[in-house]
Number of protein chains: 6
Amino acid sequence: MSRRINFINPFGTTVYDSLIHETLSHYAMEGTTLDITHLEGCPSDMDYFYPKHFVENALYAAIQDAEAAGYDAVICGCCYDPGVRVGRELTNMPIIGPMEASLQLLAYHGRTAVIVADHVKACSLMKDNARLSGMEDLIVGYDVIDWYVRDMVNDTDAVAADVIEVSRRAVEKTGAEAVILNCTIISASYQKYLMKGGKPADVPVLNPNLMALMMAETTAHLRSKGALQLSRAAFYAQPHDDHFRKVSEITRKAWDATRPVRDQFF
Amino acid sequence: MSRRINFINPFGTTVYDSLIHETLSHYAMEGTTLDITHLEGCPSDMDYFYPKHFVENALYAAIQDAEAAGYDAVICGCCYDPGVRVGRELTNMPIIGPMEASLQLLAYHGRTAVIVADHVKACSLMKDNARLSGMEDLIVGYDVIDWYVRDMVNDTDAVAADVIEVSRRAVEKTGAEAVILNCTIISASYQKYLMKGGKPADVPVLNPNLMALMMAETTAHLRSKGALQLSRAAFYAQPHDDHFRKVSEITRKAWDATRPVRDQFF
Amino acid sequence: MSRRINFINPFGTTVYDSLIHETLSHYAMEGTTLDITHLEGCPSDMDYFYPKHFVENALYAAIQDAEAAGYDAVICGCCYDPGVRVGRELTNMPIIGPMEASLQLLAYHGRTAVIVADHVKACSLMKDNARLSGMEDLIVGYDVIDWYVRDMVNDTDAVAADVIEVSRRAVEKTGAEAVILNCTIISASYQKYLMKGGKPADVPVLNPNLMALMMAETTAHLRSKGALQLSRAAFYAQPHDDHFRKVSEITRKAWDATRPVRDQFF
Amino acid sequence: MSRRINFINPFGTTVYDSLIHETLSHYAMEGTTLDITHLEGCPSDMDYFYPKHFVENALYAAIQDAEAAGYDAVICGCCYDPGVRVGRELTNMPIIGPMEASLQLLAYHGRTAVIVADHVKACSLMKDNARLSGMEDLIVGYDVIDWYVRDMVNDTDAVAADVIEVSRRAVEKTGAEAVILNCTIISASYQKYLMKGGKPADVPVLNPNLMALMMAETTAHLRSKGALQLSRAAFYAQPHDDHFRKVSEITRKAWDATRPVRDQFF
Amino acid sequence: MSRRINFINPFGTTVYDSLIHETLSHYAMEGTTLDITHLEGCPSDMDYFYPKHFVENALYAAIQDAEAAGYDAVICGCCYDPGVRVGRELTNMPIIGPMEASLQLLAYHGRTAVIVADHVKACSLMKDNARLSGMEDLIVGYDVIDWYVRDMVNDTDAVAADVIEVSRRAVEKTGAEAVILNCTIISASYQKYLMKGGKPADVPVLNPNLMALMMAETTAHLRSKGALQLSRAAFYAQPHDDHFRKVSEITRKAWDATRPVRDQFF
Amino acid sequence: MSRRINFINPFGTTVYDSLIHETLSHYAMEGTTLDITHLEGCPSDMDYFYPKHFVENALYAAIQDAEAAGYDAVICGCCYDPGVRVGRELTNMPIIGPMEASLQLLAYHGRTAVIVADHVKACSLMKDNARLSGMEDLIVGYDVIDWYVRDMVNDTDAVAADVIEVSRRAVEKTGAEAVILNCTIISASYQKYLMKGGKPADVPVLNPNLMALMMAETTAHLRSKGALQLSRAAFYAQPHDDHFRKVSEITRKAWDATRPVRDQFF
């Protein structure tokens, strides 16, 4: 019973891959192969919604490729949970969003949480996502550390220090029992700090990367046992005729045609 | 005080343009120039979320082009309200979504509504959009007529007949005071039927195309008076440095590179 | 395509008429005749609910008279939205409430708002009205400037200064993207300050008088096109027999009999 | 420890007084004097909102008079809970609304209820009132028996039969544990039927008249013990200066001037 | 028309009985016999959920015994409302929870309340109970005075002082119109302070012991009139065959067998 | 990396142990030892809340014993999620509730679910639990098959047939994307039917036993990696002084004293 999981950093850069690898890999269950990859020809961040939307096209291609390569589950490695819902339309392979996974595993850390995000714009989207998840009642507040991901990798310790300070403030204000760090890079920075022996925050802090890994392993296991079926009756209905299949094929081909220009992102 | 409004059918076909034109144009206010256009090199529908997501890239380009061409407002002509939120990040020009506009004008037709959509998958997304709009309490039920848009244009009278029957059923079941036809083509089909002298449904029926036009005129007018300012403090924050501006430029250029392949959609 | 709109200040004094006129009239669309009137024989404010309820009787009479005089829409010029719902029972002419109109047009200014009202008692009623509107999810907080309308007209600049300060405080506390000034006289005071060249608040501020005007123009236009129908199936059902029609007639006559005493309000 | 309670039928007719008296009086606690009165010079019903609003003025006068006459509590005897909130602004004497009282005592009859009202328009207002009460979560559905109060008194047995049938249907559809008969006259008709030996419905049925009486006795008792204080800090703030006191006085005087015309209601 | 009410302190100590007696008895209505008792062989508090759950078994036994002894209603004398819902399964005698009763009578003190509880853990459970009551919308905030009940009896004046200070702070922060002291011993301490002539808080403060007494008297009266029926159709369904009756009997017998060990609680 | 999980059937009988074993064991991950046990000296069901409450005491003892025996996680094997919240107060070992686990894993089967429970009384409690879980928005309806668990084991095929029929009906009525079988024995019966080659329902059906096992494995794994910390700051605060520790010890001892009587349950 082995499983292969693809954690995709939806960023057009290698700099986050090693950070995720060093802070996540040792948590994998026995039998899990965890491959951490990134998107080729994409911006190094998705802080604004116009490039975010564009990059999600690359993520759909990567999901299709991961399925073809035999992966058992894909983690869309950003707390926006980018591509998760469209991805589930595309494949039966489990598609995991780190924020959704964190909400699903929250109860084992505390009955309520405050979300600590990178900046105000991101935080607004988190609220939308919490609402759509059907689990927004679990969240009693939101706060931000005011960083962009591209700066975080340059000083992960400073990020960790801000996590501790903002978590303290947010818990005091909201009475939350736990903190969800709603940015994969914030969370990896904080995890790295802990692994270097840093003193943890006083409150349970959920690492969405780890929560996503747990859900990827669980759902991949369920699927390997024939016990995972995603409803195709409504939201996730799939095309069932030639017209739509052809539309899908051309869509993918058109996307691939963007590659030469996308290489200019570096 | 004149204004130019661009109603964009987010479909890669001309067949809906005339239908919208004949059922909407006469409603425009004095001083309004209403141009109805469609997207080049796109599928003829966006029923599945993978192509829908792809097509939204074309819509962002069209919004940028509409702004450059001097339009005062854009209507994203589909009740999924595609591209509306990212579009608002891109421009200060008002971007109108037909479903959101219908919810905003509902109170003048009735205190509650039932949404009648094309098919179950679409209906699921409508529920998400209602929730994100902050106005979901206005909606007391959902129903579908079970049609795809590409079939509707072939028999608009049959669509209208189903609108009347499903509206009756949905109102009886939910007690809704009004019906919102949450598909621009359903709505145009029903409007065409009315214009031919067809007997209207027994309940107020909102035409999202018309609701969108009203909101486009209103917001364009407010903007021309210097009285419209969209907050850039949170969700709609815009890039403010070279990095993000460059990312945006390459994104657009990459999109344009898809055109040759996209022409295969026909 | 012209339309006549009656903005009724539900106060028994002329002092607000000119303030509304000078801060609102230039926003009217081409073809709009905007008449700003007040109620005869009424108190100069409706801060307490007992006189407010009484004054609403005068407003129903004024609505009936406005319809008889050929107006195309009526704005009930107070953010309590007084008389709006009963008014809609009385007539097919669109009846506009400034607070409801502000919620309907909020999305073009920001995704959420904080309401800034005159005083705590008023604010309590605003919460009720937001809840009944079905749009309360749009409001993330409430604050007050602690003024009575009858004092505001004596120092509109001081009102504007408090608007700016309380808006800043309220946005900081709630994270709202926009501010709705939920008092027509607060809003006119702030608008007057802006028109004199005052520096605006840092956040989009909605003027309910203007929002109401926009909705009046839009709905009057829709009605002139035969495209506005208010459901009479439930909340707004109208009397359909002699008994109820007679009750209505006597009600109006009885109200008119109060006039001699009401003239003592000054 | 005695108390005097005034149950006011907000209808300009004596026909309901005896019905309420015969179905309610025997439930009064020891020490309670229960006087059932009606409004002079008012319509015989308040089914439409325009006359309802007008009649509420009469109710405020009646509340003021009841206080002057030494009553310890007033029941506004209609399930619209007419005049209750403004009445509480006017006086420290407890003002009881039958619908609100039913929601408050529901838990002792069942965990949820379905509301059975007279007709659809009334039912719409019940939903608003449930929402404003802060207890709407207790209500799992609404249904109507389709009667006007003025017809009910002519055939109370037929009303009771419809109560039983609609209650059965509503409980089956909603799974409610109890029924609240949200019309004082429906409820009195059903109670009369029971007192004649009629077979009760299969589900607990709350009689709002009785629930109101219980709350009147309880709150009057609390007040007599000095243990009832209604907050004047927000919604129920009372005038505290000459201006507002004078406005209130003239309001009452103006109302009294309507009497000659109001006598035409018969 | 007399009634006997049993207020059960769910604590294995006599120290609270006299405190409740001296602060509550004089509020009883004419005809009410109020007996204040405690549980034998139980801990002196139920601050943690494991002993709380255990003690509730003793409460069920006490409820059964109270019914056998001819009581007309039982008050479970702790604001956790311990045993209330299971108790209602066991008997037709009204079972009153002080917190639920406070929410039911809130409207006569103010439209909203803040709950002031003993400590954070208790407060978490209050939130759950408010949610399950279907009345959580009435509560706009929560705060704590940070005391354990076993310390309160040693310095009731200090408790009262903290009540006043925390109430002031909580109302300022939340805008609540009233305060519910969600601990029977906090409330008795504050009541004792008032009876000694202490200056009351500036805001209406609800005493859950008193609210519970009012509801006990009201429901006992209703039942004595044959007008109280608790639905057995769903949540409160009762066993109807030998199997379940036998299970219930053994359960009671097994509980009684714990008595020798339970006497070690002192 | 091995883990030991104790699935406790909270029933005083061996009959369910083998059913759960045969339908669940083969789903365990590599490294998992799954022990299925039952409670000694307890009723064979917990359909009524009085015995249910009593049996939960046995479950707390079993949880304490499981921890002492070195288990890494406990599943409270009933969809009431009995003992889960108090159990989490008692131990740091993960305590899993099948219903909560099903809600947590729902998103991978569908966006919404209908709950299919055993009977109406059980269903009422499910609604409470869904509300307290903070995930009730995921549930769009409830239905029942009308069976008691003690009858199910006698005809598991008939249970499975009813599951299929009621699931079909419930999905048609509610539009749910998936079904959660909210009873461990219903679910095992249906699973047994599938394992014998029975035709599955047309909709994804979640097996709470399996969902619980997945969450037990995941949380046990997290804990073994030092990555699971349950907040002790609020709801799950633990005793921290001698008084409370002694109360806990006597509680356990008192419970154990019930054993001789409890053996009469058979």
# chains A, B, ... in the order shown; residues from 1 in each chain; ligands from 1

$ residues_around --residues "stretch 102-106 of chain D" --least-positions-apart "6" --cutoff "10 Å" --atoms "only C-alpha atoms" --output "ChimeraX atom specification"
/D:79,112-113,130,133-136,138-139,177-182,204-212,214-215 /E:100-101,103-107,135,215,218-219,230

$ select_by_dssp --residues "stretch 177-246 of chain A" --states "helix (DSSP H, G or I)" --output "PyMOL selection string"
chain A and resi 184-195+208-224+242-246

$ interface_residues --of "chain C" --to "chain D" --cutoff "8 Å" --atoms "only C-alpha atoms" --output "PyMOL selection string"
chain C and resi 43+48-51+53-54+57+86-87+89-90+120-122+124-125+128+131-132+233-239+244+247-248+250-251+253-255+257-262+264-265

$ write_last_selection --atoms "N, CA and C atoms" --output "tab-separated table (two decimals), in the first residue's frame"
chain	number	residue	atom	x	y	z
C	43	PRO	N	-43.43	67.09	12.93
C	43	PRO	CA	-42.27	67.49	13.73
C	43	PRO	C	-41.05	67.67	12.82
C	48	TYR	N	-37.51	59.82	17.71
C	48	TYR	CA	-38.16	58.83	18.58
C	48	TYR	C	-39.22	58.10	17.78
C	49	PHE	N	-39.52	56.88	18.19
C	49	PHE	CA	-40.32	56.01	17.34
C	49	PHE	C	-41.81	56.33	17.40
C	50	TYR	N	-42.25	56.93	18.49
C	50	TYR	CA	-43.66	57.29	18.57
C	50	TYR	C	-43.97	58.40	17.55
C	51	PRO	N	-43.27	59.53	17.57
C	51	PRO	CA	-43.53	60.52	16.50
C	51	PRO	C	-43.18	60.00	15.11
C	53	HIS	N	-43.58	57.03	13.94
C	53	HIS	CA	-44.72	56.25	13.46
C	53	HIS	C	-45.85	57.17	13.02
C	54	PHE	N	-46.04	58.23	13.78
C	54	PHE	CA	-47.11	59.18	13.45
C	54	PHE	C	-46.81	59.88	12.12
C	57	ASN	N	-47.66	58.32	8.74
C	57	ASN	CA	-49.00	58.53	8.18
C	57	ASN	C	-49.00	59.70	7.19
C	86	VAL	N	-44.90	50.09	3.59
C	86	VAL	CA	-46.33	50.34	3.47
C	86	VAL	C	-46.61	51.12	2.18
C	87	GLY	N	-45.72	52.04	1.86
C	87	GLY	CA	-45.88	52.80	0.61
C	87	GLY	C	-45.98	51.90	-0.61
C	89	GLU	N	-47.22	49.02	-0.67
C	89	GLU	CA	-48.54	48.40	-0.70
C	89	GLU	C	-49.54	49.34	-1.38
C	90	LEU	N	-49.30	50.65	-1.19
C	90	LEU	CA	-50.28	51.65	-1.64
C	90	LEU	C	-50.24	51.96	-3.12
C	120	VAL	N	-27.21	56.30	18.85
C	120	VAL	CA	-27.35	54.88	19.15
C	120	VAL	C	-28.76	54.35	18.88
C	121	LYS	N	-29.76	55.13	19.22
C	121	LYS	CA	-31.14	54.67	19.00
C	121	LYS	C	-31.40	54.46	17.51
C	122	ALA	N	-30.98	55.41	16.71
C	122	ALA	CA	-31.14	55.29	15.26
C	122	ALA	C	-30.40	54.06	14.76
C	124	SER	N	-29.76	51.30	16.23
C	124	SER	CA	-30.48	50.06	16.53
C	124	SER	C	-31.50	49.75	15.45
C	125	LEU	N	-32.18	50.78	14.99
C	125	LEU	CA	-33.19	50.57	13.96
C	125	LEU	C	-32.53	50.21	12.63
C	128	ASP	N	-32.02	46.55	12.49
C	128	ASP	CA	-33.28	45.87	12.13
C	128	ASP	C	-33.52	45.97	10.63
C	131	ARG	N	-31.32	43.80	8.60
C	131	ARG	CA	-31.73	42.41	8.71
C	131	ARG	C	-32.94	42.12	7.81
C	132	LEU	N	-33.90	43.02	7.82
C	132	LEU	CA	-35.11	42.80	7.01
C	132	LEU	C	-34.83	42.94	5.51
C	233	ALA	N	-48.39	39.05	-4.61
C	233	ALA	CA	-48.79	37.70	-4.18
C	233	ALA	C	-48.62	37.46	-2.69
C	234	ALA	N	-47.85	38.30	-2.02
C	234	ALA	CA	-47.59	38.00	-0.61
C	234	ALA	C	-47.51	39.30	0.20
C	235	PHE	N	-46.30	39.72	0.55
C	235	PHE	CA	-46.14	40.87	1.44
C	235	PHE	C	-46.87	42.10	0.92
C	236	TYR	N	-46.81	42.34	-0.36
C	236	TYR	CA	-47.38	43.57	-0.92
C	236	TYR	C	-48.78	43.36	-1.51
C	237	ALA	N	-49.46	42.31	-1.09
C	237	ALA	CA	-50.84	42.10	-1.56
C	237	ALA	C	-51.65	43.36	-1.30
C	238	GLN	N	-52.54	43.69	-2.25
C	238	GLN	CA	-53.38	44.88	-2.14
C	238	GLN	C	-54.85	44.50	-1.94
C	239	PRO	N	-55.59	45.37	-1.27
C	239	PRO	CA	-57.03	45.09	-1.06
C	239	PRO	C	-57.71	44.85	-2.39
C	244	PHE	N	-62.14	46.63	2.09
C	244	PHE	CA	-60.80	47.16	2.33
C	244	PHE	C	-60.58	48.50	1.65
C	247	VAL	N	-62.06	51.00	3.97
C	247	VAL	CA	-61.17	51.20	5.12
C	247	VAL	C	-60.03	52.15	4.75
C	248	SER	N	-59.49	51.96	3.56
C	248	SER	CA	-58.38	52.80	3.13
C	248	SER	C	-58.81	54.25	2.97
C	250	ILE	N	-61.32	55.86	4.44
C	250	ILE	CA	-61.59	56.51	5.73
C	250	ILE	C	-60.26	56.80	6.44
C	251	THR	N	-59.34	55.87	6.31
C	251	THR	CA	-58.03	56.06	6.93
C	251	THR	C	-57.41	57.37	6.45
C	253	LYS	N	-58.91	59.94	5.12
C	253	LYS	CA	-59.74	61.08	5.55
C	253	LYS	C	-59.48	61.41	7.03
C	254	ALA	N	-59.37	60.34	7.81
C	254	ALA	CA	-59.12	60.54	9.24
C	254	ALA	C	-57.76	61.23	9.44
C	255	TRP	N	-56.79	60.79	8.65
C	255	TRP	CA	-55.49	61.41	8.76
C	255	TRP	C	-55.56	62.91	8.47
C	257	ALA	N	-57.80	64.85	8.92
C	257	ALA	CA	-58.45	65.59	10.01
C	257	ALA	C	-57.47	66.02	11.10
C	258	THR	N	-56.29	65.47	11.07
C	258	THR	CA	-55.31	65.81	12.11
C	258	THR	C	-54.60	67.12	11.83
C	259	ARG	N	-54.77	67.64	10.64
C	259	ARG	CA	-53.98	68.78	10.19
C	259	ARG	C	-54.01	69.99	11.12
C	260	PRO	N	-55.20	70.42	11.57
C	260	PRO	CA	-55.20	71.61	12.44
C	260	PRO	C	-54.31	71.42	13.67
C	261	VAL	N	-54.39	70.28	14.29
C	261	VAL	CA	-53.55	70.07	15.47
C	261	VAL	C	-52.09	69.97	15.07
C	262	ARG	N	-51.83	69.30	14.00
C	262	ARG	CA	-50.44	69.10	13.58
C	262	ARG	C	-49.73	70.42	13.28
C	264	GLN	N	-49.57	72.71	15.07
C	264	GLN	CA	-48.95	73.19	16.31
C	264	GLN	C	-47.52	72.69	16.46
C	265	PHE	N	-47.08	71.83	15.59
C	265	PHE	CA	-45.72	71.31	15.75
C	265	PHE	C	-44.68	72.42	15.66

$ residues_around --residues "C:Leu213" --least-positions-apart "6" --cutoff "9 Å" --atoms "only C-alpha atoms" --output "list in words"
Ile5, Phe7, Leu24, Tyr27, Ala28, Leu34, Ile75, Ile96, Pro98 and Ala101 of chain C

$ residues_around --residues "E:Thr32" --least-positions-apart "4" --cutoff "9 Å" --atoms "only C-alpha atoms" --output "list of chain:residue names"
E:Met1, E:Ser2, E:Arg3, E:Arg4, E:Ile5, E:Ala28, E:Glu217

$ residues_around --residues "D:Tyr193" --least-positions-apart "6" --cutoff "10 Å" --atoms "only C-alpha atoms" --output "NGL selection string"
:D and (23 or 156-161 or 187 or 199-200)

$ write_last_selection --atoms "all heavy atoms" --output "CSV table (one decimal), in the first residue's frame"
chain,number,residue,atom,x,y,z
D,23,THR,N,-62.5,32.2,26.0
D,23,THR,CA,-61.5,31.2,25.8
D,23,THR,C,-60.2,31.5,26.6
D,23,THR,O,-59.3,30.7,26.5
D,23,THR,CB,-61.1,31.2,24.3
D,23,THR,OG1,-60.7,32.5,23.8
D,23,THR,CG2,-62.3,30.7,23.4
D,156,THR,N,-66.5,29.5,13.8
D,156,THR,CA,-65.2,29.1,14.5
D,156,THR,C,-64.9,27.6,14.3
D,156,THR,O,-63.8,27.2,14.4
D,156,THR,CB,-65.3,29.5,15.9
D,156,THR,OG1,-66.5,28.9,16.5
D,156,THR,CG2,-65.4,31.0,16.1
D,157,ASP,N,-66.0,26.8,14.2
D,157,ASP,CA,-65.7,25.4,14.0
D,157,ASP,C,-65.0,25.1,12.7
D,157,ASP,O,-64.1,24.2,12.7
D,157,ASP,CB,-67.0,24.6,14.1
D,157,ASP,CG,-67.5,24.4,15.5
D,157,ASP,OD1,-66.7,24.7,16.4
D,157,ASP,OD2,-68.6,24.0,15.7
D,158,ALA,N,-65.4,25.8,11.7
D,158,ALA,CA,-64.7,25.5,10.4
D,158,ALA,C,-63.2,26.0,10.5
D,158,ALA,O,-62.3,25.3,9.9
D,158,ALA,CB,-65.4,26.3,9.3
D,159,VAL,N,-63.0,27.0,11.2
D,159,VAL,CA,-61.6,27.5,11.4
D,159,VAL,C,-60.8,26.4,12.2
D,159,VAL,O,-59.7,26.0,11.8
D,159,VAL,CB,-61.6,28.8,12.2
D,159,VAL,CG1,-60.1,29.1,12.7
D,159,VAL,CG2,-62.2,29.9,11.4
D,160,ALA,N,-61.4,25.8,13.2
D,160,ALA,CA,-60.8,24.8,14.0
D,160,ALA,C,-60.5,23.6,13.2
D,160,ALA,O,-59.4,23.0,13.3
D,160,ALA,CB,-61.6,24.4,15.2
D,161,ALA,N,-61.4,23.2,12.3
D,161,ALA,CA,-61.2,22.1,11.4
D,161,ALA,C,-60.0,22.3,10.5
D,161,ALA,O,-59.1,21.4,10.3
D,161,ALA,CB,-62.4,21.8,10.6
D,187,SER,N,-56.7,31.2,17.0
D,187,SER,CA,-56.4,30.5,18.2
D,187,SER,C,-57.6,30.4,19.1
D,187,SER,O,-57.9,29.4,19.7
D,187,SER,CB,-55.2,31.2,18.9
D,187,SER,OG,-54.6,30.3,19.8
D,199,LYS,N,-61.9,17.2,19.5
D,199,LYS,CA,-60.7,16.4,19.6
D,199,LYS,C,-59.5,17.3,19.2
D,199,LYS,O,-59.4,17.9,18.1
D,199,LYS,CB,-60.8,15.2,18.6
D,199,LYS,CG,-59.7,14.2,18.7
D,199,LYS,CD,-60.0,13.0,17.8
D,199,LYS,CE,-58.8,12.0,17.8
D,199,LYS,NZ,-57.6,12.6,17.1
D,200,PRO,N,-58.5,17.3,20.0
D,200,PRO,CA,-57.3,18.2,19.7
D,200,PRO,C,-56.5,17.6,18.6
D,200,PRO,O,-56.5,16.5,18.3
D,200,PRO,CB,-56.5,18.2,21.0
D,200,PRO,CG,-57.0,17.0,21.8
D,200,PRO,CD,-58.4,16.7,21.3

$ select_by_dssp --residues "stretch 106-220 of chain F" --states "strand (DSSP E)" --output "list in words"
Ala113, Val114, Ile115, Val116, Ala117, Ile139, Val140, Gly141, Tyr142, Asp143, Val144, Ala178, Val179, Ile180, Leu181, Val205 and Leu206 of chain F

$ decode --residues "stretch 124-136 of chain B" --atoms "N, CA and C atoms" --output "PDB file, in the first residue's frame"
ATOM      1  N   SER B 124     -25.604  25.066  -9.040  1.00  0.00           N
ATOM      2  CA  SER B 124     -24.677  24.946  -7.903  1.00  0.00           C
ATOM      3  C   SER B 124     -23.781  26.177  -7.800  1.00  0.00           C
ATOM      4  N   LEU B 125     -23.332  26.646  -8.943  1.00  0.00           N
ATOM      5  CA  LEU B 125     -22.470  27.819  -8.936  1.00  0.00           C
ATOM      6  C   LEU B 125     -23.261  29.070  -8.546  1.00  0.00           C
ATOM      7  N   MET B 126     -24.521  29.120  -8.973  1.00  0.00           N
ATOM      8  CA  MET B 126     -25.367  30.253  -8.599  1.00  0.00           C
ATOM      9  C   MET B 126     -25.460  30.361  -7.077  1.00  0.00           C
ATOM     10  N   LYS B 127     -25.595  29.224  -6.411  1.00  0.00           N
ATOM     11  CA  LYS B 127     -25.676  29.235  -4.952  1.00  0.00           C
ATOM     12  C   LYS B 127     -24.400  29.809  -4.349  1.00  0.00           C
ATOM     13  N   ASP B 128     -23.265  29.401  -4.884  1.00  0.00           N
ATOM     14  CA  ASP B 128     -21.998  29.970  -4.413  1.00  0.00           C
ATOM     15  C   ASP B 128     -21.985  31.481  -4.622  1.00  0.00           C
ATOM     16  N   ASN B 129     -22.397  31.896  -5.797  1.00  0.00           N
ATOM     17  CA  ASN B 129     -22.343  33.330  -6.101  1.00  0.00           C
ATOM     18  C   ASN B 129     -23.304  34.126  -5.223  1.00  0.00           C
ATOM     19  N   ALA B 130     -24.478  33.555  -4.978  1.00  0.00           N
ATOM     20  CA  ALA B 130     -25.436  34.232  -4.085  1.00  0.00           C
ATOM     21  C   ALA B 130     -24.803  34.392  -2.703  1.00  0.00           C
ATOM     22  N   ARG B 131     -24.150  33.343  -2.251  1.00  0.00           N
ATOM     23  CA  ARG B 131     -23.518  33.403  -0.934  1.00  0.00           C
ATOM     24  C   ARG B 131     -22.425  34.474  -0.888  1.00  0.00           C
ATOM     25  N   LEU B 132     -21.613  34.521  -1.916  1.00  0.00           N
ATOM     26  CA  LEU B 132     -20.518  35.496  -1.926  1.00  0.00           C
ATOM     27  C   LEU B 132     -21.033  36.925  -2.098  1.00  0.00           C
ATOM     28  N   SER B 133     -22.207  37.073  -2.680  1.00  0.00           N
ATOM     29  CA  SER B 133     -22.743  38.419  -2.901  1.00  0.00           C
ATOM     30  C   SER B 133     -23.182  39.082  -1.607  1.00  0.00           C
ATOM     31  N   GLY B 134     -23.330  38.292  -0.549  1.00  0.00           N
ATOM     32  CA  GLY B 134     -23.854  38.845   0.698  1.00  0.00           C
ATOM     33  C   GLY B 134     -25.363  39.054   0.666  1.00  0.00           C
ATOM     34  N   MET B 135     -26.001  38.555  -0.392  1.00  0.00           N
ATOM     35  CA  MET B 135     -27.444  38.764  -0.524  1.00  0.00           C
ATOM     36  C   MET B 135     -28.194  37.445  -0.622  1.00  0.00           C
ATOM     37  N   GLU B 136     -27.594  36.352  -0.179  1.00  0.00           N
ATOM     38  CA  GLU B 136     -28.232  35.048  -0.377  1.00  0.00           C
ATOM     39  C   GLU B 136     -29.544  34.911   0.388  1.00  0.00           C
TER      40      GLU B 136
END
